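Participant: Got coords27.cif for you, mmCIF, C-alpha atoms:
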```
data_model
#
loop_
_atom_site.group_PDB
_atom_site.id
_atom_site.type_symbol
_atom_site.label_atom_id
_atom_site.label_comp_id
_atom_site.auth_asym_id
_atom_site.auth_seq_id
_atom_site.Cartn_x
_atom_site.Cartn_y
_atom_site.Cartn_z
ATOM 1 C CA MET A 218 52.214 -2.484 -12.368
ATOM 2 C CA LYS A 219 53.312 0.164 -9.892
ATOM 3 C CA ALA A 220 54.802 -0.184 -6.409
ATOM 4 C CA ILE A 221 55.527 2.188 -3.534
ATOM 5 C CA CYS A 222 59.023 2.159 -2.077
ATOM 6 C CA VAL A 223 59.299 3.494 1.479
ATOM 7 C CA PHE A 224 62.473 5.317 0.600
ATOM 8 C CA SER A 225 65.107 6.519 3.078
ATOM 9 C CA GLY A 226 67.539 7.622 0.391
ATOM 10 C CA GLY A 227 70.248 5.313 1.692
ATOM 11 C CA LEU A 228 72.025 2.717 -0.403
ATOM 12 C CA ASP A 229 69.725 -0.134 0.637
ATOM 13 C CA SER A 230 66.551 1.630 -0.443
ATOM 14 C CA MET A 231 68.204 2.732 -3.688
ATOM 15 C CA LEU A 232 69.194 -0.855 -4.471
ATOM 16 C CA ALA A 233 65.725 -2.153 -3.578
ATOM 17 C CA ALA A 234 64.156 0.383 -5.926
ATOM 18 C CA ASP A 235 66.552 -0.595 -8.703
ATOM 19 C CA VAL A 236 65.837 -4.317 -8.245
ATOM 20 C CA ILE A 237 62.081 -3.758 -8.524
ATOM 21 C CA ARG A 238 62.308 -1.241 -11.356
ATOM 22 C CA ALA A 239 64.474 -3.687 -13.331
ATOM 23 C CA GLN A 240 61.449 -5.998 -13.450
ATOM 24 C CA GLY A 241 59.453 -3.431 -15.407
ATOM 25 C CA ILE A 242 57.561 -2.056 -12.404
ATOM 26 C CA ASP A 243 56.992 1.669 -11.945
ATOM 27 C CA VAL A 244 58.403 2.787 -8.596
ATOM 28 C CA LEU A 245 57.324 5.742 -6.452
ATOM 29 C CA ALA A 246 59.951 6.732 -3.885
ATOM 30 C CA LEU A 247 57.974 7.766 -0.803
ATOM 31 C CA PHE A 248 59.627 9.597 2.094
ATOM 32 C CA PHE A 249 57.928 10.172 5.446
ATOM 33 C CA GLU A 250 59.124 13.401 7.016
ATOM 34 C CA THR A 251 59.110 14.497 10.657
ATOM 35 C CA PRO A 252 61.394 16.792 12.675
ATOM 36 C CA PHE A 253 63.407 13.642 13.405
ATOM 37 C CA PHE A 254 64.205 12.848 9.767
ATOM 38 C CA LYS A 255 64.329 15.224 6.816
ATOM 39 C CA SER A 256 63.903 14.531 3.115
ATOM 40 C CA GLY A 257 66.991 16.248 1.679
ATOM 41 C CA LYS A 258 69.155 13.145 1.344
ATOM 42 C CA ALA A 259 66.300 11.047 -0.026
ATOM 43 C CA LYS A 260 65.353 13.693 -2.583
ATOM 44 C CA LYS A 261 68.944 13.808 -3.858
ATOM 45 C CA SER A 262 69.126 9.996 -4.093
ATOM 46 C CA ALA A 263 65.798 9.766 -5.935
ATOM 47 C CA ARG A 264 66.932 12.441 -8.384
ATOM 48 C CA ALA A 265 70.185 10.557 -9.031
ATOM 49 C CA MET A 266 68.142 7.471 -9.951
ATOM 50 C CA GLY A 267 65.440 9.319 -11.881
ATOM 51 C CA LEU A 268 62.745 8.091 -9.494
ATOM 52 C CA PRO A 269 59.435 9.895 -8.963
ATOM 53 C CA PHE A 270 59.630 11.246 -5.419
ATOM 54 C CA ARG A 271 56.968 12.234 -2.891
ATOM 55 C CA VAL A 272 57.260 13.568 0.669
ATOM 56 C CA VAL A 273 54.507 13.098 3.255
ATOM 57 C CA ASP A 274 54.657 14.819 6.656
ATOM 58 C CA ILE A 275 53.606 12.362 9.367
ATOM 59 C CA THR A 276 54.747 14.398 12.394
ATOM 60 C CA ARG A 277 51.542 14.177 14.425
ATOM 61 C CA ARG A 278 50.920 10.466 13.946
ATOM 62 C CA HIS A 279 54.573 9.658 14.472
ATOM 63 C CA LEU A 280 54.830 11.688 17.671
ATOM 64 C CA GLU A 281 52.012 9.649 19.207
ATOM 65 C CA VAL A 282 54.012 6.507 18.464
ATOM 66 C CA VAL A 283 57.150 8.040 19.987
ATOM 67 C CA LYS A 284 55.255 8.985 23.145
ATOM 68 C CA LYS A 285 53.778 5.537 23.718
ATOM 69 C CA PRO A 286 55.109 2.747 21.483
ATOM 70 C CA LYS A 287 53.215 -0.529 21.676
ATOM 71 C CA HIS A 288 56.419 -2.530 21.290
ATOM 72 C CA GLY A 289 58.668 -0.328 23.394
ATOM 73 C CA TYR A 290 61.924 1.464 22.680
ATOM 74 C CA GLY A 291 65.350 0.408 21.511
ATOM 75 C CA GLY A 292 68.456 1.620 23.312
ATOM 76 C CA ASN A 293 67.065 5.161 23.610
ATOM 77 C CA MET A 294 63.762 6.751 22.520
ATOM 78 C CA ASN A 295 63.721 4.909 19.207
ATOM 79 C CA PRO A 296 60.488 2.903 18.781
ATOM 80 C CA CYS A 297 61.779 1.219 15.630
ATOM 81 C CA ILE A 298 59.184 -1.533 15.283
ATOM 82 C CA ASP A 299 56.247 0.814 15.865
ATOM 83 C CA CYS A 300 57.834 3.478 13.663
ATOM 84 C CA HIS A 301 58.302 1.110 10.736
ATOM 85 C CA ALA A 302 54.795 -0.287 11.174
ATOM 86 C CA LEU A 303 53.332 3.215 11.091
ATOM 87 C CA MET A 304 55.219 4.179 7.929
ATOM 88 C CA PHE A 305 54.230 1.010 6.115
ATOM 89 C CA ARG A 306 50.624 1.396 7.301
ATOM 90 C CA ILE A 307 50.469 4.893 5.813
ATOM 91 C CA ALA A 308 52.092 3.645 2.598
ATOM 92 C CA GLY A 309 49.410 0.957 2.466
ATOM 93 C CA GLU A 310 46.716 3.601 2.878
ATOM 94 C CA MET A 311 48.145 5.294 -0.217
ATOM 95 C CA LEU A 312 48.149 2.248 -2.510
ATOM 96 C CA GLU A 313 44.741 2.937 -4.063
ATOM 97 C CA GLU A 314 45.426 6.668 -4.400
ATOM 98 C CA GLU A 315 48.689 5.980 -6.212
ATOM 99 C CA GLY A 316 47.320 3.102 -8.263
ATOM 100 C CA ALA A 317 49.996 0.803 -6.819
ATOM 101 C CA GLY A 318 49.842 -2.911 -6.053
ATOM 102 C CA PHE A 319 52.273 -3.371 -3.181
ATOM 103 C CA VAL A 320 54.807 -1.724 -0.862
ATOM 104 C CA PHE A 321 58.496 -2.544 -0.593
ATOM 105 C CA THR A 322 61.482 -1.351 1.448
ATOM 106 C CA GLY A 323 65.256 -1.589 1.523
ATOM 107 C CA GLU A 324 65.368 -3.462 4.826
ATOM 108 C CA VAL A 325 68.026 -6.152 5.133
ATOM 109 C CA LEU A 326 67.570 -9.227 7.316
ATOM 110 C CA GLY A 327 69.915 -9.076 10.326
ATOM 111 C CA GLN A 328 71.258 -5.603 9.572
ATOM 112 C CA ARG A 329 69.832 -4.348 12.859
ATOM 113 C CA PRO A 330 69.623 -7.141 15.424
ATOM 114 C CA MET A 331 66.527 -5.880 17.237
ATOM 115 C CA SER A 332 64.337 -4.360 14.509
ATOM 116 C CA GLN A 333 65.402 -6.358 11.448
ATOM 117 C CA ASN A 334 65.517 -9.939 12.657
ATOM 118 C CA LYS A 335 63.048 -12.342 11.066
ATOM 119 C CA ARG A 336 60.515 -12.100 13.882
ATOM 120 C CA SER A 337 60.545 -8.284 13.886
ATOM 121 C CA LEU A 338 60.154 -8.085 10.106
ATOM 122 C CA GLU A 339 57.139 -10.398 10.277
ATOM 123 C CA LEU A 340 55.687 -8.437 13.202
ATOM 124 C CA VAL A 341 56.005 -5.131 11.360
ATOM 125 C CA ALA A 342 54.290 -6.567 8.287
ATOM 126 C CA VAL A 343 51.328 -7.670 10.420
ATOM 127 C CA GLU A 344 51.153 -4.482 12.516
ATOM 128 C CA SER A 345 51.197 -2.331 9.383
ATOM 129 C CA GLY A 346 48.174 -4.125 7.993
ATOM 130 C CA LEU A 347 50.061 -4.870 4.773
ATOM 131 C CA ASN A 348 50.929 -8.421 5.781
ATOM 132 C CA ARG A 349 52.102 -10.220 2.618
ATOM 133 C CA LEU A 350 51.798 -7.097 0.449
ATOM 134 C CA LEU A 351 55.062 -5.891 2.027
ATOM 135 C CA LEU A 352 58.163 -6.998 0.114
ATOM 136 C CA ARG A 353 61.844 -6.740 1.123
ATOM 137 C CA PRO A 354 63.633 -7.288 -2.214
ATOM 138 C CA LEU A 355 67.174 -7.355 -0.811
ATOM 139 C CA SER A 356 66.441 -10.283 1.532
ATOM 140 C CA ALA A 357 63.361 -11.772 -0.116
ATOM 141 C CA LYS A 358 64.928 -15.172 -0.820
ATOM 142 C CA LEU A 359 65.551 -15.603 2.917
ATOM 143 C CA LEU A 360 61.958 -14.726 3.836
ATOM 144 C CA ALA A 361 58.551 -16.284 3.176
ATOM 145 C CA PRO A 362 57.119 -15.565 -0.304
ATOM 146 C CA THR A 363 54.886 -12.519 -0.548
ATOM 147 C CA ILE A 364 51.782 -11.866 -2.644
ATOM 148 C CA PRO A 365 53.705 -9.937 -5.336
ATOM 149 C CA GLU A 366 55.925 -13.000 -5.795
ATOM 150 C CA GLU A 367 53.091 -15.535 -5.746
ATOM 151 C CA LYS A 368 50.995 -13.568 -8.243
ATOM 152 C CA GLY A 369 53.960 -13.150 -10.573
ATOM 153 C CA TRP A 370 54.112 -9.364 -10.284
ATOM 154 C CA VAL A 371 57.799 -9.835 -9.458
ATOM 155 C CA GLN A 372 60.048 -12.810 -10.166
ATOM 156 C CA ARG A 373 61.394 -14.271 -6.940
ATOM 157 C CA ASP A 374 64.509 -15.620 -8.644
ATOM 158 C CA LEU A 375 65.494 -12.029 -9.512
ATOM 159 C CA LEU A 376 65.269 -10.929 -5.882
ATOM 160 C CA LEU A 377 68.205 -11.156 -3.473
ATOM 161 C CA ASP A 378 69.434 -12.949 -0.347
ATOM 162 C CA VAL A 379 71.430 -10.230 1.426
ATOM 163 C CA GLN A 380 71.734 -10.455 5.195
ATOM 164 C CA GLY A 381 73.876 -9.174 8.039
ATOM 165 C CA ARG A 382 75.452 -5.862 8.980
ATOM 166 C CA SER A 383 78.229 -5.682 6.389
ATOM 167 C CA ARG A 384 77.819 -2.975 3.775
ATOM 168 C CA LYS A 385 80.247 -4.599 1.344
ATOM 169 C CA PRO A 386 77.707 -6.712 -0.628
ATOM 170 C CA GLN A 387 75.527 -3.652 -1.227
ATOM 171 C CA MET A 388 78.492 -1.575 -2.372
ATOM 172 C CA GLU A 389 79.478 -4.313 -4.834
ATOM 173 C CA MET A 390 75.900 -4.475 -6.146
ATOM 174 C CA ALA A 391 75.808 -0.703 -6.518
ATOM 175 C CA GLN A 392 78.944 -0.816 -8.640
ATOM 176 C CA LYS A 393 77.495 -3.522 -10.899
ATOM 177 C CA ARG A 394 74.233 -1.602 -11.251
ATOM 178 C CA ASN A 395 76.037 1.660 -12.012
ATOM 179 C CA ILE A 396 74.701 3.355 -8.869
ATOM 180 C CA THR A 397 77.562 5.706 -8.098
ATOM 181 C CA GLU A 398 75.867 8.493 -6.128
ATOM 182 C CA TYR A 399 74.701 7.382 -2.705
ATOM 183 C CA PRO A 400 75.104 8.830 0.809
ATOM 184 C CA SER A 401 77.373 7.481 3.524
ATOM 185 C CA PRO A 402 75.587 5.622 6.340
ATOM 186 C CA ALA A 403 76.485 8.329 8.902
ATOM 187 C CA GLY A 404 73.862 10.524 10.553
ATOM 188 C CA GLY A 405 70.994 8.179 11.360
ATOM 189 C CA CYS A 406 67.798 8.730 13.324
ATOM 190 C CA PRO A 407 68.360 11.146 16.239
ATOM 191 C CA LEU A 408 65.966 9.070 18.356
ATOM 192 C CA THR A 409 68.762 6.507 18.655
ATOM 193 C CA GLU A 410 71.091 9.127 20.193
ATOM 194 C CA ARG A 411 71.358 9.321 23.969
ATOM 195 C CA GLY A 412 71.641 13.109 24.241
ATOM 196 C CA PHE A 413 68.767 13.842 21.866
ATOM 197 C CA SER A 414 66.571 11.236 23.568
ATOM 198 C CA ARG A 415 67.266 12.795 26.953
ATOM 199 C CA ARG A 416 66.120 16.184 25.655
ATOM 200 C CA LEU A 417 63.034 14.715 24.000
ATOM 201 C CA LYS A 418 62.022 12.843 27.148
ATOM 202 C CA ASP A 419 62.406 16.058 29.156
ATOM 203 C CA LEU A 420 60.204 17.951 26.682
ATOM 204 C CA LEU A 421 57.466 15.312 26.604
ATOM 205 C CA THR A 422 57.488 15.129 30.403
ATOM 206 C CA SER A 423 57.085 18.892 30.811
ATOM 207 C CA LYS A 424 54.396 19.486 28.146
ATOM 208 C CA ILE A 425 51.258 17.740 26.924
ATOM 209 C CA ALA A 426 50.954 19.547 23.576
ATOM 210 C CA VAL A 427 54.286 19.833 21.755
ATOM 211 C CA GLU A 428 54.829 22.111 18.761
ATOM 212 C CA THR A 429 56.958 21.192 15.755
ATOM 213 C CA GLY A 430 59.330 24.092 16.460
ATOM 214 C CA GLU A 431 60.055 22.695 19.909
ATOM 215 C CA LEU A 432 61.093 19.390 18.352
ATOM 216 C CA GLU A 433 63.374 21.198 15.904
ATOM 217 C CA LEU A 434 65.013 23.051 18.803
ATOM 218 C CA LEU A 435 66.067 19.742 20.352
ATOM 219 C CA LYS A 436 68.777 19.488 17.672
ATOM 220 C CA LEU A 437 70.325 22.823 18.562
ATOM 221 C CA GLY A 438 72.489 24.373 21.272
ATOM 222 C CA ARG A 439 72.694 23.602 24.973
ATOM 223 C CA HIS A 440 69.476 22.907 26.871
ATOM 224 C CA PHE A 441 68.842 23.815 30.519
ATOM 225 C CA ARG A 442 65.744 22.939 32.567
ATOM 226 C CA ILE A 443 65.745 25.820 35.073
ATOM 227 C CA ALA A 444 62.242 25.159 36.469
ATOM 228 C CA PRO A 445 59.580 22.458 36.022
ATOM 229 C CA HIS A 446 57.907 24.440 33.240
ATOM 230 C CA THR A 447 60.762 26.670 32.108
ATOM 231 C CA LYS A 448 63.567 25.712 29.750
ATOM 232 C CA ILE A 449 66.267 27.663 27.978
ATOM 233 C CA VAL A 450 68.212 26.897 24.805
ATOM 234 C CA VAL A 451 71.640 28.483 24.319
ATOM 235 C CA GLY A 452 73.085 28.805 20.821
ATOM 236 C CA ARG A 453 76.650 27.619 20.225
ATOM 237 C CA ASN A 454 77.484 29.471 17.011
ATOM 238 C CA LYS A 455 76.094 31.991 14.539
ATOM 239 C CA ARG A 456 74.070 29.434 12.590
ATOM 240 C CA GLU A 457 72.437 28.069 15.729
ATOM 241 C CA ASN A 458 71.774 31.577 17.045
ATOM 242 C CA GLU A 459 69.922 32.497 13.850
ATOM 243 C CA THR A 460 67.945 29.247 13.785
ATOM 244 C CA ILE A 461 66.978 29.499 17.454
ATOM 245 C CA ARG A 462 65.626 32.994 16.898
ATOM 246 C CA SER A 463 63.679 31.855 13.825
ATOM 247 C CA LEU A 464 62.065 29.053 15.853
ATOM 248 C CA SER A 465 61.020 31.262 18.778
ATOM 249 C CA GLY A 466 57.294 31.572 19.427
ATOM 250 C CA GLU A 467 55.251 34.597 20.384
ATOM 251 C CA ASN A 468 55.267 33.551 24.041
ATOM 252 C CA ASP A 469 59.010 32.901 24.171
ATOM 253 C CA THR A 470 61.640 35.274 25.526
ATOM 254 C CA ILE A 471 64.919 36.006 23.726
ATOM 255 C CA LEU A 472 68.049 37.147 25.572
ATOM 256 C CA ARG A 473 71.210 38.470 23.914
ATOM 257 C CA SER A 474 74.400 39.934 25.300
ATOM 258 C CA VAL A 475 74.660 43.643 24.472
ATOM 259 C CA SER A 476 78.209 44.761 25.216
ATOM 260 C CA VAL A 477 80.159 41.632 24.190
ATOM 261 C CA PRO A 478 79.634 38.832 21.643
ATOM 262 C CA GLY A 479 77.477 36.028 22.974
ATOM 263 C CA PRO A 480 74.780 33.465 22.251
ATOM 264 C CA THR A 481 71.130 33.854 21.438
ATOM 265 C CA VAL A 482 69.227 32.407 24.386
ATOM 266 C CA LEU A 483 65.599 31.316 24.110
ATOM 267 C CA VAL A 484 63.456 30.963 27.228
ATOM 268 C CA SER A 485 60.226 28.984 26.890
ATOM 269 C CA GLY A 486 57.634 28.432 29.557
ATOM 270 C CA LYS A 487 56.849 30.375 32.708
ATOM 271 C CA LEU A 488 59.145 33.305 33.384
ATOM 272 C CA SER A 489 59.502 34.476 36.974
ATOM 273 C CA GLU A 490 61.973 36.918 38.486
ATOM 274 C CA ASN A 491 64.089 33.985 39.645
ATOM 275 C CA THR A 492 64.100 32.119 36.308
ATOM 276 C CA LEU A 493 64.841 35.354 34.447
ATOM 277 C CA ASP A 494 67.821 35.930 36.723
ATOM 278 C CA ILE A 495 69.125 32.412 35.967
ATOM 279 C CA ALA A 496 68.556 32.837 32.216
ATOM 280 C CA GLY A 497 70.362 36.191 32.236
ATOM 281 C CA ALA A 498 73.276 34.780 34.196
ATOM 282 C CA ILE A 499 73.578 31.856 31.763
ATOM 283 C CA THR A 500 73.520 34.295 28.833
ATOM 284 C CA VAL A 501 76.460 36.181 30.363
ATOM 285 C CA ALA A 502 78.313 32.991 31.358
ATOM 286 C CA TYR A 503 78.303 31.710 27.754
ATOM 287 C CA SER A 504 79.237 35.102 26.289
ATOM 288 C CA ASP A 505 82.688 36.669 25.964
ATOM 289 C CA ALA A 506 82.242 38.635 29.198
ATOM 290 C CA GLY A 507 85.313 36.916 30.609
ATOM 291 C CA ALA A 508 86.680 38.766 33.645
ATOM 292 C CA LEU A 509 84.034 41.508 33.607
ATOM 293 C CA ASP A 510 82.121 41.829 36.874
ATOM 294 C CA ALA A 511 78.834 42.200 35.037
ATOM 295 C CA SER A 512 77.432 42.435 31.513
ATOM 296 C CA GLU A 513 74.300 43.867 29.952
ATOM 297 C CA VAL A 514 71.704 41.614 28.359
ATOM 298 C CA ARG A 515 68.836 42.650 26.081
ATOM 299 C CA ILE A 516 65.572 40.910 26.923
ATOM 300 C CA GLU A 517 62.832 40.602 24.299
ATOM 301 C CA GLU A 518 59.571 39.260 25.697
ATOM 302 C CA GLY A 519 57.282 38.431 22.794
ATOM 303 C CA ALA A 520 55.774 41.498 21.108
ATOM 304 C CA ARG A 521 56.566 43.787 24.048
ATOM 305 C CA GLU A 522 59.357 46.340 23.895
ATOM 306 C CA SER A 523 62.795 45.042 24.770
ATOM 307 C CA ARG A 524 64.715 46.102 27.866
ATOM 308 C CA VAL A 525 68.340 45.914 28.941
ATOM 309 C CA VAL A 526 69.328 44.423 32.293
ATOM 310 C CA SER A 527 72.773 43.990 33.839
ATOM 311 C CA PHE A 528 73.685 40.553 35.226
ATOM 312 C CA LYS A 529 76.686 39.562 37.299
ATOM 313 C CA THR A 530 79.245 37.302 35.661
ATOM 314 C CA ARG A 531 79.131 33.782 37.082
ATOM 315 C CA ASP A 532 81.042 30.616 36.244
ATOM 316 C CA LYS A 533 79.427 28.133 33.836
ATOM 317 C CA ILE A 534 79.982 25.350 36.326
ATOM 318 C CA GLU A 535 77.202 26.780 38.508
ATOM 319 C CA PHE A 536 74.648 25.907 35.832
ATOM 320 C CA ARG A 537 75.610 22.285 35.220
ATOM 321 C CA PRO A 538 72.819 20.974 37.493
ATOM 322 C CA TYR A 539 70.298 22.499 35.063
ATOM 323 C CA LEU A 540 71.878 20.986 31.942
ATOM 324 C CA ILE A 541 69.706 18.428 30.166
#
```
Translate this file's structure into structure tokens.

Facilitator:
Amino acid sequence: MKAICVFSGGLDSMLAADVIRAQGIDVLALFFETPFFKSGKAKKSARAMGLPFRVVDITRRHLEVVKKPKHGYGGNMNPCIDCHALMFRIAGEMLEEEGAGFVFTGEVLGQRPMSQNKRSLELVAVESGLNRLLLRPLSAKLLAPTIPEEKGWVQRDLLLDVQGRSRKPQMEMAQKRNITEYPSPAGGCPLTERGFSRRLKDLLTSKIAVETGELELLKLGRHFRIAPHTKIVVGRNKRENETIRSLSGENDTILRSVSVPGPTVLVSGKLSENTLDIAGAITVAYSDAGALDASEVRIEEGARESRVVSFKTRDKIEFRPYLI
């Protein structure tokens, strides 16, 4: 028997995988990747446990859910119920391909009051199409029996009854099971963050077709909406400056301070004389121009030759109304 674990790489999913594997079942750790969540942590956790690991990019399907979730959002732009249902649906679509019998996750009853209460867990199972082929080993004894339990693929008495938001029971179980390498719970889904959600909503409002690079940019720098269809991203350090440049498209414009150290500034969308003047002024304002009356900025517009333009030094406070 083989099962697919929708694997986040956190302690809960590691424990769930260990509980199922201990019953003699082969486990595939499956991670669904999008610009909102990356596989690095999960890959490291799977390696520490010796689990076969597979990454599947679901960006396009997931973005449609983010744009218009059937069951709405959480506190920000996090459509947790629809997101989980989509992931489990895709895992279910892979059962035959992987030669697996069921899907399981590390979800814990009551750990998240909105998306992991009993009603939400049942709703996700139905919406995913898996229904009773979806098992939550860590809280299984508190939930209705599933097909894997009824058919004897797994022994229900060897499953667990964990519930609530405390991490202590899981940490104690990890110690008993000799799971010593696991990530801290910090750094969750950016869709739950207010600032990131504000930027994402702005992007989705201004564009119909969104590129992956634009979603990656949401994690970086300062963002300014300087016109309905023109946005700029200002790097805050060397790493961000390099990443912003690497994510620029052929239709984007890059601005950099010439005479003093400063940020890499990416302008996307329509570029008029007025928006270019604002972008140049912001580039100077966030550079080390200081008390200089003006500073030169190099402007690179796609494949065309670059040019240098001088912009007056203005206070950052003038640009706060544009800040997203």

Participant: Report as a tab-separated table: every residue of segment 399-446 of chain A with an atom at most 8 Å from segment 224-235 of chain A, its closest pair of atoms, and their distance in Å to one decimal, counting only C-alpha atoms, with rows sorted by chain and ascending residue number.

Facilitator:
```
residue	atom	partner	partner_atom	distance
A:Tyr399	CA	A:Leu228	CA	5.8
A:Pro400	CA	A:Gly227	CA	6.1
A:Ser401	CA	A:Gly227	CA	7.7
A:Pro402	CA	A:Gly227	CA	7.1
```

Participant: Include C-alpha atoms and write out the residues we just selected as a compact mmCIF listing (two decimals), in the frame of the given file.

Facilitator:
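The resulting file, selection-v1.txt, is reproduced below:
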```
# COMPACT_ATOMS: atom_id res chain seq x y z
CA TYR A 399 74.70 7.38 -2.70
CA PRO A 400 75.10 8.83 0.81
CA SER A 401 77.37 7.48 3.52
CA PRO A 402 75.59 5.62 6.34
```

Participant: Pick from A:Lys335, A:Lys418, A:His288, A:Lys436: nearest to Cys406 of chain A, with only C-alpha atoms counted?

Facilitator: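 The closest residue to Cys406 of chain A is A:Lys436.
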
Participant: State, in Å with one decimal place, the distance from atom CA of Leu488 of chain A to atom CA of Ser465 of chain A.

Facilitator: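 Going from atom CA of Leu488 of chain A over to atom CA of Ser465 of chain A covers 14.9 Å.
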
Participant: Counting all atoms listed in the file, write as a ChimeraX atom specification all protein and nucleic acid residues lying at most 12 Å from (69.7, 18.8, 16.3) in the file's frame.

Facilitator: /A:252-255,404-408,410,412-414,416-417,430-440,450,452-453,457,460-461

Participant: Just to confirm, what's the straight-line distance from atom CA of Ser512 of chain A to atom CA of Gly486 of chain A in Å (one decimal)?

Facilitator: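 Those two atoms sit 24.3 Å apart.
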
Participant: As an exercise, work out the distance from atom CA of Thr397 of chain A to atom CA of Glu324 of chain A in Å and give it to one decimal place.

Facilitator: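 Atom CA of Glu324 of chain A lies 20.0 Å from atom CA of Thr397 of chain A.
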
Participant: Can you turn the PyMOL selection byres ((chain A and resi 355) around 6) into a concrete residue list for this file, as a list of chain:residue names?

Facilitator: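 Evaluating the PyMOL selection byres ((chain A and resi 355) around 6) on this file yields A:Arg353, A:Pro354, A:Ser356, A:Ala357, A:Leu377, A:Val379.
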
Participant: With distances taken over all atoms listed in the file, which residue among A:Ala265, A:Ile237, A:Ile242, A:Ala317 lies nearest Ile396 of chain A?

Facilitator: A:Ala265

Participant: Evaluate the PyMOL selection byres ((chain A and resi 538) around 12) on the structure here and hand back the selected residues as a PyMOL selection string.

Facilitator: chain A and resi 440-444+533-537+539-541

Participant: Nearest to Gly291 of chain A among A:Arg271, A:Arg384, A:Arg373, A:Arg411, with distances taken over all atoms listed in the file: which residue is it?

Facilitator: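 Ranked by minimum distance to Gly291 of chain A, first place goes to A:Arg411.
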
Participant: Start from the incomplete input, build N, CA and C atoms for segment 394-409 of chain A, and deliver everything as a PDB file, keeping the file's coordinate frame.

Facilitator:
```pdb
ATOM      1  N   ARG A 394      75.463  -2.209 -10.736  1.00  0.00           N
ATOM      2  CA  ARG A 394      74.233  -1.602 -11.251  1.00  0.00           C
ATOM      3  C   ARG A 394      74.436  -0.141 -11.648  1.00  0.00           C
ATOM      4  N   ASN A 395      75.690   0.292 -11.606  1.00  0.00           N
ATOM      5  CA  ASN A 395      76.037   1.660 -12.012  1.00  0.00           C
ATOM      6  C   ASN A 395      75.360   2.710 -11.135  1.00  0.00           C
ATOM      7  N   ILE A 396      75.192   2.384  -9.845  1.00  0.00           N
ATOM      8  CA  ILE A 396      74.701   3.355  -8.869  1.00  0.00           C
ATOM      9  C   ILE A 396      75.930   3.943  -8.186  1.00  0.00           C
ATOM     10  N   THR A 397      76.306   5.113  -8.582  1.00  0.00           N
ATOM     11  CA  THR A 397      77.562   5.706  -8.098  1.00  0.00           C
ATOM     12  C   THR A 397      77.342   6.817  -7.081  1.00  0.00           C
ATOM     13  N   GLU A 398      76.161   7.403  -7.068  1.00  0.00           N
ATOM     14  CA  GLU A 398      75.867   8.493  -6.128  1.00  0.00           C
ATOM     15  C   GLU A 398      74.953   7.982  -5.023  1.00  0.00           C
ATOM     16  N   TYR A 399      75.517   7.770  -3.850  1.00  0.00           N
ATOM     17  CA  TYR A 399      74.701   7.382  -2.705  1.00  0.00           C
ATOM     18  C   TYR A 399      75.360   7.913  -1.436  1.00  0.00           C
ATOM     19  N   PRO A 400      74.566   8.216  -0.405  1.00  0.00           N
ATOM     20  CA  PRO A 400      75.104   8.830   0.809  1.00  0.00           C
ATOM     21  C   PRO A 400      75.832   7.824   1.689  1.00  0.00           C
ATOM     22  N   SER A 401      76.718   8.326   2.522  1.00  0.00           N
ATOM     23  CA  SER A 401      77.373   7.481   3.524  1.00  0.00           C
ATOM     24  C   SER A 401      76.340   7.116   4.582  1.00  0.00           C
ATOM     25  N   PRO A 402      76.574   6.049   5.345  1.00  0.00           N
ATOM     26  CA  PRO A 402      75.587   5.622   6.340  1.00  0.00           C
ATOM     27  C   PRO A 402      75.560   6.480   7.601  1.00  0.00           C
ATOM     28  N   ALA A 403      76.419   7.506   7.691  1.00  0.00           N
ATOM     29  CA  ALA A 403      76.485   8.329   8.902  1.00  0.00           C
ATOM     30  C   ALA A 403      75.230   9.187   9.054  1.00  0.00           C
ATOM     31  N   GLY A 404      74.958   9.601  10.299  1.00  0.00           N
ATOM     32  CA  GLY A 404      73.862  10.524  10.553  1.00  0.00           C
ATOM     33  C   GLY A 404      72.498   9.876  10.495  1.00  0.00           C
ATOM     34  N   GLY A 405      72.264   8.884  11.358  1.00  0.00           N
ATOM     35  CA  GLY A 405      70.994   8.179  11.360  1.00  0.00           C
ATOM     36  C   GLY A 405      69.927   8.904  12.158  1.00  0.00           C
ATOM     37  N   CYS A 406      68.928   8.170  12.585  1.00  0.00           N
ATOM     38  CA  CYS A 406      67.798   8.730  13.324  1.00  0.00           C
ATOM     39  C   CYS A 406      68.254   9.298  14.661  1.00  0.00           C
ATOM     40  N   PRO A 407      67.930  10.568  14.961  1.00  0.00           N
ATOM     41  CA  PRO A 407      68.360  11.146  16.239  1.00  0.00           C
ATOM     42  C   PRO A 407      67.719  10.480  17.448  1.00  0.00           C
ATOM     43  N   LEU A 408      66.609   9.763  17.241  1.00  0.00           N
ATOM     44  CA  LEU A 408      65.966   9.070  18.356  1.00  0.00           C
ATOM     45  C   LEU A 408      66.838   7.957  18.920  1.00  0.00           C
ATOM     46  N   THR A 409      67.837   7.532  18.163  1.00  0.00           N
ATOM     47  CA  THR A 409      68.762   6.507  18.655  1.00  0.00           C
ATOM     48  C   THR A 409      69.898   7.110  19.477  1.00  0.00           C
TER      49      THR A 409
END
```
